[in-house]
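Content type PDB, C-alpha atoms, from the file input-v6.pdb:
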ATOM      1  CA  MET A   1      93.991  96.428 110.469
ATOM      2  CA  THR A   2      94.907  99.678 112.210
ATOM      3  CA  LEU A   3      94.790 102.639 109.830
ATOM      4  CA  VAL A   4      96.560 105.200 112.005
ATOM      5  CA  ASN A   5     100.372 105.183 111.708
ATOM      6  CA  ASN A   6     100.201 102.277 109.266
ATOM      7  CA  LYS A   7     103.327 102.796 107.177
ATOM      8  CA  SER A   8     102.933  99.443 105.445
ATOM      9  CA  LEU A   9      99.495 100.397 104.104
ATOM     10  CA  ALA A  10     100.803 103.833 103.128
ATOM     11  CA  ARG A  11     103.484 102.146 101.011
ATOM     12  CA  LYS A  12     100.809 100.076  99.252
ATOM     13  CA  ILE A  13      98.686 103.168  98.621
ATOM     14  CA  GLU A  14     101.581 105.102  97.123
ATOM     15  CA  ALA A  15     102.585 102.014  95.103
ATOM     16  CA  ILE A  16      99.163 101.575  93.498
ATOM     17  CA  LYS A  17      99.196 105.241  92.492
ATOM     18  CA  SER A  18     102.670 104.913  90.990
ATOM     19  CA  ARG A  19     101.893 101.670  89.166
ATOM     20  CA  GLY A  20      98.718 103.005  87.602
ATOM     21  CA  THR A  21     100.227 106.341  86.562
ATOM     22  CA  LYS A  22     103.265 104.666  85.027
ATOM     23  CA  GLU A  23     101.194 102.181  83.050
ATOM     24  CA  TYR A  24      98.828 104.937  81.906
ATOM     25  CA  ILE A  25     101.756 106.945  80.522
ATOM     26  CA  ILE A  26     103.126 103.871  78.718
ATOM     27  CA  LYS A  27      99.721 103.061  77.185
ATOM     28  CA  HIS A  28      99.094 106.667  76.217
ATOM     29  CA  LYS A  29     102.454 107.001  74.499
ATOM     30  CA  GLU A  30     101.851 103.775  72.587
ATOM     31  CA  MET A  31      98.721 105.409  71.210
ATOM     32  CA  ASN A  32     100.312 108.832  70.751
ATOM     33  CA  PRO A  33     104.137 108.820  70.729
ATOM     34  CA  ALA A  34     104.183 112.629  70.658
ATOM     35  CA  ALA A  35     102.240 112.877  73.926
ATOM     36  CA  ASN A  36     103.789 115.329  76.350
ATOM     37  CA  MET A  37     104.348 112.880  79.205
ATOM     38  CA  ASP A  38     107.109 110.713  80.655
ATOM     39  CA  TYR A  39     108.285 109.168  83.914
ATOM     40  CA  LEU A  40     111.501 108.601  85.856
ATOM     41  CA  THR A  41     112.042 105.676  88.216
ATOM     42  CA  LEU A  42     114.565 105.801  91.050
ATOM     43  CA  GLN A  43     114.600 102.101  91.783
ATOM     44  CA  GLY A  44     113.236 101.379  95.244
ATOM     45  CA  LYS A  45     112.984 105.066  96.167
ATOM     46  CA  GLY A  46     110.076 106.527  94.204
ATOM     47  CA  GLU A  47     108.944 107.718  90.807
ATOM     48  CA  VAL A  48     108.502 111.076  89.086
ATOM     49  CA  PHE A  49     105.729 111.606  86.545
ATOM     50  CA  CYS A  50     105.361 114.387  83.993
ATOM     51  CA  THR A  51     101.957 114.869  82.371
ATOM     52  CA  GLY A  52     101.558 118.023  80.356
ATOM     53  CA  ASN A  53     102.918 120.939  82.368
ATOM     54  CA  VAL A  54     102.728 119.106  85.715
ATOM     55  CA  CYS A  55     105.548 117.062  87.237
ATOM     56  CA  PHE A  56     105.182 115.255  90.569
ATOM     57  CA  GLY A  57     107.004 112.650  92.651
ATOM     58  CA  ILE A  58     105.242 109.774  94.455
ATOM     59  CA  GLY A  59     106.525 107.375  97.097
ATOM     60  CA  PHE A  60     109.660 109.266  98.070
ATOM     61  CA  GLY A  61     110.727 109.129 101.695
ATOM     62  CA  LEU A  62     109.025 105.758 102.278
ATOM     63  CA  ASN A  63     111.613 103.403 100.784
ATOM     64  CA  GLY A  64     115.323 104.078 100.735
ATOM     65  CA  VAL A  65     117.118 107.328 101.433
ATOM     66  CA  LEU A  66     117.502 109.923  98.705
ATOM     67  CA  VAL A  67     120.981 111.349  98.335
ATOM     68  CA  GLU A  68     121.830 114.710  96.805
ATOM     69  CA  ASN A  69     122.641 113.161  93.451
ATOM     70  CA  ASP A  70     119.153 111.607  93.306
ATOM     71  CA  LEU A  71     117.601 115.056  93.569
ATOM     72  CA  ASN A  72     119.983 116.327  90.890
ATOM     73  CA  VAL A  73     118.837 113.507  88.586
ATOM     74  CA  ILE A  74     115.187 114.339  89.242
ATOM     75  CA  GLU A  75     115.630 118.043  88.600
ATOM     76  CA  ASP A  76     117.671 117.390  85.447
ATOM     77  CA  PHE A  77     114.883 115.124  84.183
ATOM     78  CA  ILE A  78     112.357 117.925  84.764
ATOM     79  CA  ARG A  79     114.660 120.583  83.339
ATOM     80  CA  LYS A  80     114.632 118.758  79.985
ATOM     81  CA  ARG A  81     110.874 119.206  79.811
ATOM     82  CA  LYS A  82     110.507 122.827  78.823
ATOM     83  CA  GLU A  83     106.766 122.898  79.559
ATOM     84  CA  VAL A  84     107.354 122.195  83.263
ATOM     85  CA  ALA A  85     108.387 125.053  85.534
ATOM     86  CA  HIS A  86     108.438 123.311  88.927
ATOM     87  CA  ALA A  87     109.043 119.952  90.568
ATOM     88  CA  GLU A  88     106.526 118.749  93.135
ATOM     89  CA  PHE A  89     106.764 115.988  95.732
ATOM     90  CA  GLU A  90     103.727 114.401  97.408
ATOM     91  CA  LEU A  91     105.010 113.601 100.917
ATOM     92  CA  THR A  92     103.247 111.367 103.430
ATOM     93  CA  PRO A  93     103.543 111.851 107.222
ATOM     94  CA  PHE A  94     105.785 108.745 107.199
ATOM     95  CA  CYS A  95     108.357 110.510 105.043
ATOM     96  CA  ASP A  96     112.022 110.329 106.064
ATOM     97  CA  PRO A  97     112.883 113.643 107.824
ATOM     98  CA  LEU A  98     116.164 113.695 105.894
ATOM     99  CA  LEU A  99     114.262 114.168 102.626
ATOM    100  CA  LEU A 100     112.345 117.089 104.119
ATOM    101  CA  ALA A 101     115.610 118.701 105.190
ATOM    102  CA  GLN A 102     117.119 118.198 101.723
ATOM    103  CA  LEU A 103     114.114 119.793 100.026
ATOM    104  CA  GLN A 104     114.143 122.720 102.442
ATOM    105  CA  GLU A 105     117.811 123.296 101.642
ATOM    106  CA  ARG A 106     116.819 123.547  97.976
ATOM    107  CA  ASN A 107     114.124 126.097  98.860
ATOM    108  CA  TYR A 108     111.146 123.853  98.216
ATOM    109  CA  THR A 109     108.030 125.308  99.854
ATOM    110  CA  PHE A 110     104.664 123.916 100.944
ATOM    111  CA  ASP A 111     101.973 124.285  98.261
ATOM    112  CA  HIS A 112      98.854 122.370  99.384
ATOM    113  CA  PHE A 113      97.513 119.261 101.105
ATOM    114  CA  LEU A 114      95.920 116.137  99.640
ATOM    115  CA  ALA A 115      93.646 113.978 101.797
ATOM    116  CA  VAL A 116      94.125 110.191 101.601
ATOM    117  CA  TRP A 117      91.079 108.166 102.661
ATOM    118  CA  VAL A 118      90.702 104.444 103.350
ATOM    119  CA  VAL A 119      87.741 102.159 103.989
ATOM    120  CA  GLU A 120      88.032  98.639 105.408
ATOM    121  CA  LEU A 121      85.727  96.320 103.477
ATOM    122  CA  GLU A 122      85.418  93.437 105.939
ATOM    123  CA  ASN A 123      82.472  95.001 107.733
ATOM    124  CA  TRP A 124      81.350  97.402 105.000
ATOM    125  CA  GLN A 125      77.825  96.931 103.687
ATOM    126  CA  PRO A 126      76.001  98.882 100.968
ATOM    127  CA  LYS A 127      73.211 101.152 102.127
ATOM    128  CA  GLU A 128      69.684  99.865 101.650
ATOM    129  CA  ASN A 129      67.590 101.151  98.761
ATOM    130  CA  ARG A 130      70.205 103.530  97.366
ATOM    131  CA  LEU A 131      68.749 103.028  93.867
ATOM    132  CA  LYS A 132      65.168 103.958  94.662
ATOM    133  CA  ASP A 133      64.630 105.273  91.160
ATOM    134  CA  GLU A 134      64.521 102.326  88.781
ATOM    135  CA  ALA A 135      65.403 104.685  85.935
ATOM    136  CA  VAL A 136      68.908 105.085  87.435
ATOM    137  CA  THR A 137      71.432 102.347  86.669
ATOM    138  CA  VAL A 138      75.124 101.856  87.442
ATOM    139  CA  ALA A 139      77.136  99.232  85.585
ATOM    140  CA  GLU A 140      80.685  98.269  84.651
ATOM    141  CA  VAL A 141      81.511  99.167  81.059
ATOM    142  CA  SER A 142      83.141  97.074  78.368
ATOM    143  CA  GLY A 143      83.491  96.954  74.589
ATOM    144  CA  GLU A 144      82.033  99.858  72.635
ATOM    145  CA  GLU A 145      80.450 101.314  75.785
ATOM    146  CA  THR A 146      83.910 102.404  76.936
ATOM    147  CA  TYR A 147      83.666 105.252  74.402
ATOM    148  CA  GLU A 148      80.411 106.458  75.909
ATOM    149  CA  TRP A 149      81.994 106.205  79.359
ATOM    150  CA  ALA A 150      85.024 108.230  78.209
ATOM    151  CA  TRP A 151      82.806 110.901  76.672
ATOM    152  CA  THR A 152      80.745 111.188  79.870
ATOM    153  CA  VAL A 153      83.755 111.396  82.199
ATOM    154  CA  ALA A 154      85.535 113.890  79.918
ATOM    155  CA  LEU A 155      82.392 116.050  79.713
ATOM    156  CA  GLY A 156      82.099 116.040  83.493
ATOM    157  CA  ILE A 157      85.706 117.202  83.825
ATOM    158  CA  SER A 158      85.571 119.753  80.985
ATOM    159  CA  ARG A 159      85.596 123.385  82.066
ATOM    160  CA  ASP A 160      83.856 124.679  78.935
ATOM    161  CA  ASN A 161      81.353 121.820  78.546
ATOM    162  CA  THR A 162      82.975 120.528  75.356
ATOM    163  CA  VAL A 163      84.785 117.265  74.614
ATOM    164  CA  THR A 164      87.394 116.734  71.926
ATOM    165  CA  GLU A 165      88.376 113.395  70.425
ATOM    166  CA  GLU A 166      91.796 113.804  72.053
ATOM    167  CA  MET A 167      90.178 114.257  75.479
ATOM    168  CA  MET A 168      88.059 111.159  74.934
ATOM    169  CA  GLU A 169      91.000 108.996  73.914
ATOM    170  CA  SER A 170      93.111 110.300  76.784
ATOM    171  CA  THR A 171      90.342 109.398  79.222
ATOM    172  CA  ARG A 172      89.600 106.014  77.668
ATOM    173  CA  THR A 173      93.277 105.046  77.941
ATOM    174  CA  PHE A 174      92.786 104.690  81.705
ATOM    175  CA  LEU A 175      90.727 101.580  81.002
ATOM    176  CA  GLU A 176      93.709 100.073  79.163
ATOM    177  CA  VAL A 177      95.625  99.959  82.452
ATOM    178  CA  SER A 178      95.642  96.448  83.924
ATOM    179  CA  ASN A 179      93.107  95.603  86.655
ATOM    180  CA  THR A 180      91.178  98.820  86.049
ATOM    181  CA  ALA A 181      87.414  99.029  85.583
ATOM    182  CA  GLY A 182      85.112 101.884  84.588
ATOM    183  CA  PHE A 183      81.525 102.374  85.773
ATOM    184  CA  LEU A 184      78.842 104.380  83.998
ATOM    185  CA  LEU A 185      75.734 105.842  85.625
ATOM    186  CA  LYS A 186      72.649 106.444  83.505
ATOM    187  CA  ALA A 187      69.380 108.172  84.333
ATOM    188  CA  ASN A 188      66.442 107.500  82.014
ATOM    189  CA  GLY A 189      68.906 106.022  79.553
ATOM    190  CA  GLU A 190      71.147 109.105  79.482
ATOM    191  CA  SER A 191      74.798 108.779  80.545
ATOM    192  CA  ILE A 192      75.439 111.420  83.196
ATOM    193  CA  ALA A 193      78.336 110.251  85.427
ATOM    194  CA  GLY A 194      81.314 107.921  85.367
ATOM    195  CA  ALA A 195      84.069 106.649  87.623
ATOM    196  CA  THR A 196      87.032 104.288  87.787
ATOM    197  CA  ILE A 197      88.646 101.784  90.146
ATOM    198  CA  ALA A 198      92.059 100.096  90.019
ATOM    199  CA  ILE A 199      92.927  96.968  91.993
ATOM    200  CA  ASP A 200      96.339  95.756  93.105
ATOM    201  CA  GLY A 201      96.245  92.653  95.290
ATOM    202  CA  LYS A 202      93.907  93.342  98.192
ATOM    203  CA  LEU A 203      93.916  97.118  97.703
ATOM    204  CA  GLY A 204      91.582  99.088  95.454
ATOM    205  CA  GLU A 205      91.865 102.744  94.466
ATOM    206  CA  LEU A 206      88.991 104.979  93.372
ATOM    207  CA  PHE A 207      89.869 107.725  90.885
ATOM    208  CA  LEU A 208      88.806 109.649  87.764
ATOM    209  CA  THR A 209      85.255 110.445  88.812
ATOM    210  CA  SER A 210      82.951 113.061  87.299
ATOM    211  CA  THR A 211      79.319 114.042  86.826
ATOM    212  CA  VAL A 212      77.965 116.093  83.925
ATOM    213  CA  LYS A 213      77.440 119.630  85.251
ATOM    214  CA  ALA A 214      73.652 119.751  84.830
ATOM    215  CA  PHE A 215      73.222 116.663  87.048
ATOM    216  CA  ARG A 216      75.486 117.498  89.985
ATOM    217  CA  GLY A 217      74.293 117.698  93.582
ATOM    218  CA  ARG A 218      71.823 114.812  93.273
ATOM    219  CA  GLY A 219      73.840 112.073  95.003
ATOM    220  CA  PHE A 220      74.973 110.218  91.893
ATOM    221  CA  GLN A 221      78.594 110.093  93.030
ATOM    222  CA  ASN A 222      77.510 108.239  96.163
ATOM    223  CA  LEU A 223      75.982 105.565  93.933
ATOM    224  CA  LEU A 224      79.230 105.258  91.985
ATOM    225  CA  ILE A 225      81.268 105.023  95.198
ATOM    226  CA  GLU A 226      79.031 102.269  96.530
ATOM    227  CA  GLU A 227      79.072 100.278  93.300
ATOM    228  CA  ARG A 228      82.862 100.348  93.150
ATOM    229  CA  LEU A 229      83.178  99.310  96.805
ATOM    230  CA  ARG A 230      80.858  96.400  96.108
ATOM    231  CA  TYR A 231      82.997  95.469  93.100
ATOM    232  CA  ALA A 232      86.221  95.681  95.135
ATOM    233  CA  LYS A 233      84.790  93.480  97.893
ATOM    234  CA  GLU A 234      83.728  90.882  95.323
ATOM    235  CA  LYS A 235      87.277  90.936  93.923
ATOM    236  CA  GLY A 236      88.717  90.121  97.355
ATOM    237  CA  CYS A 237      89.989  93.557  98.377
ATOM    238  CA  SER A 238      90.395  94.247 102.086
ATOM    239  CA  HIS A 239      90.818  98.027 101.697
ATOM    240  CA  VAL A 240      89.945 100.745  99.212
ATOM    241  CA  THR A 241      91.655 104.132  99.080
ATOM    242  CA  VAL A 242      90.941 107.437  97.397
ATOM    243  CA  THR A 243      92.675 110.829  97.363
ATOM    244  CA  THR A 244      90.736 114.104  97.441
ATOM    245  CA  GLN A 245      91.288 117.756  98.127
ATOM    246  CA  PRO A 246      90.581 118.377 101.832
ATOM    247  CA  ASP A 247      87.202 119.772 102.911
ATOM    248  CA  THR A 248      85.452 119.377  99.563
ATOM    249  CA  VAL A 249      82.233 117.757  98.366
ATOM    250  CA  SER A 250      84.316 114.740  97.323
ATOM    251  CA  ALA A 251      85.847 114.485 100.792
ATOM    252  CA  ARG A 252      82.420 114.651 102.447
ATOM    253  CA  ASN A 253      81.127 111.964 100.072
ATOM    254  CA  MET A 254      83.915 109.674 101.252
ATOM    255  CA  GLU A 255      82.972 110.192 104.895
ATOM    256  CA  ARG A 256      79.313 109.449 104.107
ATOM    257  CA  ASN A 257      80.380 106.147 102.582
ATOM    258  CA  GLY A 258      82.474 104.905 105.504
ATOM    259  CA  PHE A 259      85.929 106.152 104.533
ATOM    260  CA  LYS A 260      88.306 107.306 107.273
ATOM    261  CA  LEU A 261      90.995 109.917 106.801
ATOM    262  CA  MET A 262      94.273 107.988 106.980
ATOM    263  CA  TYR A 263      96.668 110.874 106.381
ATOM    264  CA  ASN A 264      97.189 114.178 104.626
ATOM    265  CA  LYS A 265      99.971 114.438 102.074
ATOM    266  CA  ALA A 266     101.919 117.682 101.931
ATOM    267  CA  VAL A 267     102.700 118.734  98.376
ATOM    268  CA  VAL A 268     105.949 120.696  98.301
ATOM    269  CA  LYS A 269     107.056 122.685  95.270
ATOM    270  CA  SER A 270     110.491 123.648  93.972
ATOM    271  CA  PRO A 271     111.560 127.145  92.966
ATOM    272  CA  ARG A 272     111.177 127.763  89.232
ATOM    273  CA  ILE A 273     113.494 125.332  87.440
ATOM    274  CA  HIS A 274     113.636 127.024  84.020
TER     275      HIS A 274
END

Entire entry expressed as structure tokens:
Amino acid sequence: MTLVNNKSLARKIEAIKSRGTKEYIIKHKEMNPAANMDYLTLQGKGEVFCTGNVCFGIGFGLNGVLVENDLNVIEDFIRKRKEVAHAEFELTPFCDPLLLAQLQERNYTFDHFLAVWVVELENWQPKENRLKDEAVTVAEVSGEETYEWAWTVALGISRDNTVTEEMMESTRTFLEVSNTAGFLLKANGESIAGATIAIDGKLGELFLTSTVKAFRGRGFQNLLIEERLRYAKEKGCSHVTVTTQPDTVSARNMERNGFKLMYNKAVVKSPRIH
């Protein structure tokens, strides 16, 4: 399948992101009804997600044309969330030019890019002898081990090297989302890195990946990427996608593992809403 100018695949990529985020919010609010998160669906046009003080739209400009009232509905939804100051839209290169014009009229401005990568699994093969050290293991988690996985991933993300129970539960909720699996990497029996994959039909998405600070720079993320690609291929996926910041260690890891840059998304941001 051609990756360049493949609008159909772009729709599937944006859809798997929307589905997973929506289900995560639902699961999280079941666990904690007071959680500061919500979502808005504009049927057939896209979805807006609010998590904490961040609010972003996915899938817009790919299906159906937004009219002015749609944007009013979106901004009213955000305006009711006092913690959120701006609306953001993640726009693919396939976005309807009319939406861009509408956002420009409302003084939305470019904020940053996100890089969307894809690997075709038909001819993908794992590298030989990646796990040279027998003391290093990578395995899918289940049962009580999901708590250890959540602690490890949360610690890897934490800026101050601490993990609260709330952070752990928030992280572990990702594994409650349907067709999602977590993988834990251990070295000499110590959990030091974790990662996640979601599957929707023949498409997989890698996300929520981290390594404990003291163990970074040793290639462990490459092992987690490879293990999840192997898992996706066994599950019948034809493609796997991942989104990174451009020109980062994560982006270079994707290239090393056979991913191709499919497109950059432009994230545009509204003027202050409150």

Please work out which residues fall within 8 Å of (85.9, 109.1, 92.0), coordinates as given in the file, with all atoms listed in the file counting, and return them as a PyMOL selection string. chain A and resi 195-196+206-210+221+224-225+242+250

List the spatial neighbours of region 170-187 of chain A as a VMD selection string - criterion: any atom at most 6 Å away, all atoms listed in the file, same-chain residues fewer than 3 positions off excluded. chain A and resid 24 135 to 141 149 to 150 167 190 to 199

Prev. selection, C-alpha atoms, output as a JSON list (two decimals), in the frame of the given file:
[["chain", "number", "residue", "atom", "x", "y", "z"],
["A", 24, "TYR", "CA", 98.83, 104.94, 81.91],
["A", 135, "ALA", "CA", 65.40, 104.68, 85.94],
["A", 136, "VAL", "CA", 68.91, 105.08, 87.44],
["A", 137, "THR", "CA", 71.43, 102.35, 86.67],
["A", 138, "VAL", "CA", 75.12, 101.86, 87.44],
["A", 139, "ALA", "CA", 77.14, 99.23, 85.58],
["A", 140, "GLU", "CA", 80.68, 98.27, 84.65],
["A", 141, "VAL", "CA", 81.51, 99.17, 81.06],
["A", 149, "TRP", "CA", 81.99, 106.20, 79.36],
["A", 150, "ALA", "CA", 85.02, 108.23, 78.21],
["A", 167, "MET", "CA", 90.18, 114.26, 75.48],
["A", 190, "GLU", "CA", 71.15, 109.10, 79.48],
["A", 191, "SER", "CA", 74.80, 108.78, 80.54],
["A", 192, "ILE", "CA", 75.44, 111.42, 83.20],
["A", 193, "ALA", "CA", 78.34, 110.25, 85.43],
["A", 194, "GLY", "CA", 81.31, 107.92, 85.37],
["A", 195, "ALA", "CA", 84.07, 106.65, 87.62],
["A", 196, "THR", "CA", 87.03, 104.29, 87.79],
["A", 197, "ILE", "CA", 88.65, 101.78, 90.15],
["A", 198, "ALA", "CA", 92.06, 100.10, 90.02],
["A", 199, "ILE", "CA", 92.93, 96.97, 91.99]]

Determine the residue set returned by the PyMOL selection byres ((chain A and resi 268) around 10) for the present structure, and present it as a PyMOL selection string. chain A and resi 56-57+87-91+100+103-104+107-113+265-267+269-270

Kindly save the residues from that selection, with C-alpha atoms included, as a PDB file, in the coordinates of the input.
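Contents of out17.pdb, freshly written:
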ATOM      1  CA  PHE A  56     105.182 115.255  90.569  1.00  0.00           C
ATOM      2  CA  GLY A  57     107.004 112.650  92.651  1.00  0.00           C
ATOM      3  CA  ALA A  87     109.043 119.952  90.568  1.00  0.00           C
ATOM      4  CA  GLU A  88     106.526 118.749  93.135  1.00  0.00           C
ATOM      5  CA  PHE A  89     106.764 115.988  95.732  1.00  0.00           C
ATOM      6  CA  GLU A  90     103.727 114.401  97.408  1.00  0.00           C
ATOM      7  CA  LEU A  91     105.010 113.601 100.917  1.00  0.00           C
ATOM      8  CA  LEU A 100     112.345 117.089 104.119  1.00  0.00           C
ATOM      9  CA  LEU A 103     114.114 119.793 100.026  1.00  0.00           C
ATOM     10  CA  GLN A 104     114.143 122.720 102.442  1.00  0.00           C
ATOM     11  CA  ASN A 107     114.124 126.097  98.860  1.00  0.00           C
ATOM     12  CA  TYR A 108     111.146 123.853  98.216  1.00  0.00           C
ATOM     13  CA  THR A 109     108.030 125.308  99.854  1.00  0.00           C
ATOM     14  CA  PHE A 110     104.664 123.916 100.944  1.00  0.00           C
ATOM     15  CA  ASP A 111     101.973 124.285  98.261  1.00  0.00           C
ATOM     16  CA  HIS A 112      98.854 122.370  99.384  1.00  0.00           C
ATOM     17  CA  PHE A 113      97.513 119.261 101.105  1.00  0.00           C
ATOM     18  CA  LYS A 265      99.971 114.438 102.074  1.00  0.00           C
ATOM     19  CA  ALA A 266     101.919 117.682 101.931  1.00  0.00           C
ATOM     20  CA  VAL A 267     102.700 118.734  98.376  1.00  0.00           C
ATOM     21  CA  LYS A 269     107.056 122.685  95.270  1.00  0.00           C
ATOM     22  CA  SER A 270     110.491 123.648  93.972  1.00  0.00           C
TER      23      SER A 270
END

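Between Ser18 (chain A) and the residues A:Leu40, A:Val118, A:Ala85, A:Val54, the shortest atom-to-atom distance, using only C-alpha atoms, involves A:Leu40.
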
Taking into account all atoms listed in the file, which residue in the set A:Glu169, A:Glu148, A:Glu14, A:Asp160 is nearest to Lys29 (chain A)? A:Glu169

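CA of Arg230 (chain A) to CA of Gly201 (chain A) spans 15.9 Å [interatomic distance, one decimal].
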
I want to know what sits within 8 Å of Asn253 (chain A), based on all atoms listed in the file, with residues of the same chain fewer than 4 positions away left out; could you give that as a PyMOL selection string? chain A and resi 221-222+249+257

Go ahead and write the residues just picked, C-alpha atoms, as an mmCIF file, keeping the file's coordinate frame.
data_model
loop_
_atom_site.group_PDB
_atom_site.id
_atom_site.type_symbol
_atom_site.label_atom_id
_atom_site.label_comp_id
_atom_site.auth_asym_id
_atom_site.auth_seq_id
_atom_site.Cartn_x
_atom_site.Cartn_y
_atom_site.Cartn_z
ATOM 1 C CA GLN A 221 78.594 110.093 93.030
ATOM 2 C CA ASN A 222 77.510 108.239 96.163
ATOM 3 C CA VAL A 249 82.233 117.757 98.366
ATOM 4 C CA ASN A 257 80.380 106.147 102.582
#

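The residue that comes closest to Pro246 (chain A), out of A:Val65, A:His28, A:Glu47, A:Val116 and on the basis of only C-alpha atoms, is A:Val116.
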
For each of A:Leu203, A:Leu261, A:Ala251, A:Ile74, take the minimum atom-to-atom distance to Leu121 (chain A), counting all atoms listed in the file, then give the residue where this is smallest. A:Leu203

Could you tell me which of A:Lys22, A:Arg11, A:Arg272, A:Lys202 comes closest to Gly44 (chain A) if we count only C-alpha atoms? A:Arg11

Enumerate, as a count of residues only, the residues matched when the PyMOL selection byres ((chain A and resi 63) around 10) is run on the file above. 14

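Take the candidates A:Asn69, A:Ser238, A:Thr162, A:Asn123 and check each one against Gly258 (chain A) using only C-alpha atoms; the shortest distance goes to A:Asn123.
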
Contacts of Ile16 (chain A) at 8 Å (only C-alpha atoms; same-chain gap of 4+ positions) as number ranges by chain: A: 12, 20, 199-200, 205

What gap, in Å, lies between CA of Asn6 (chain A) and CA of Val119 (chain A)? 13.5 Å
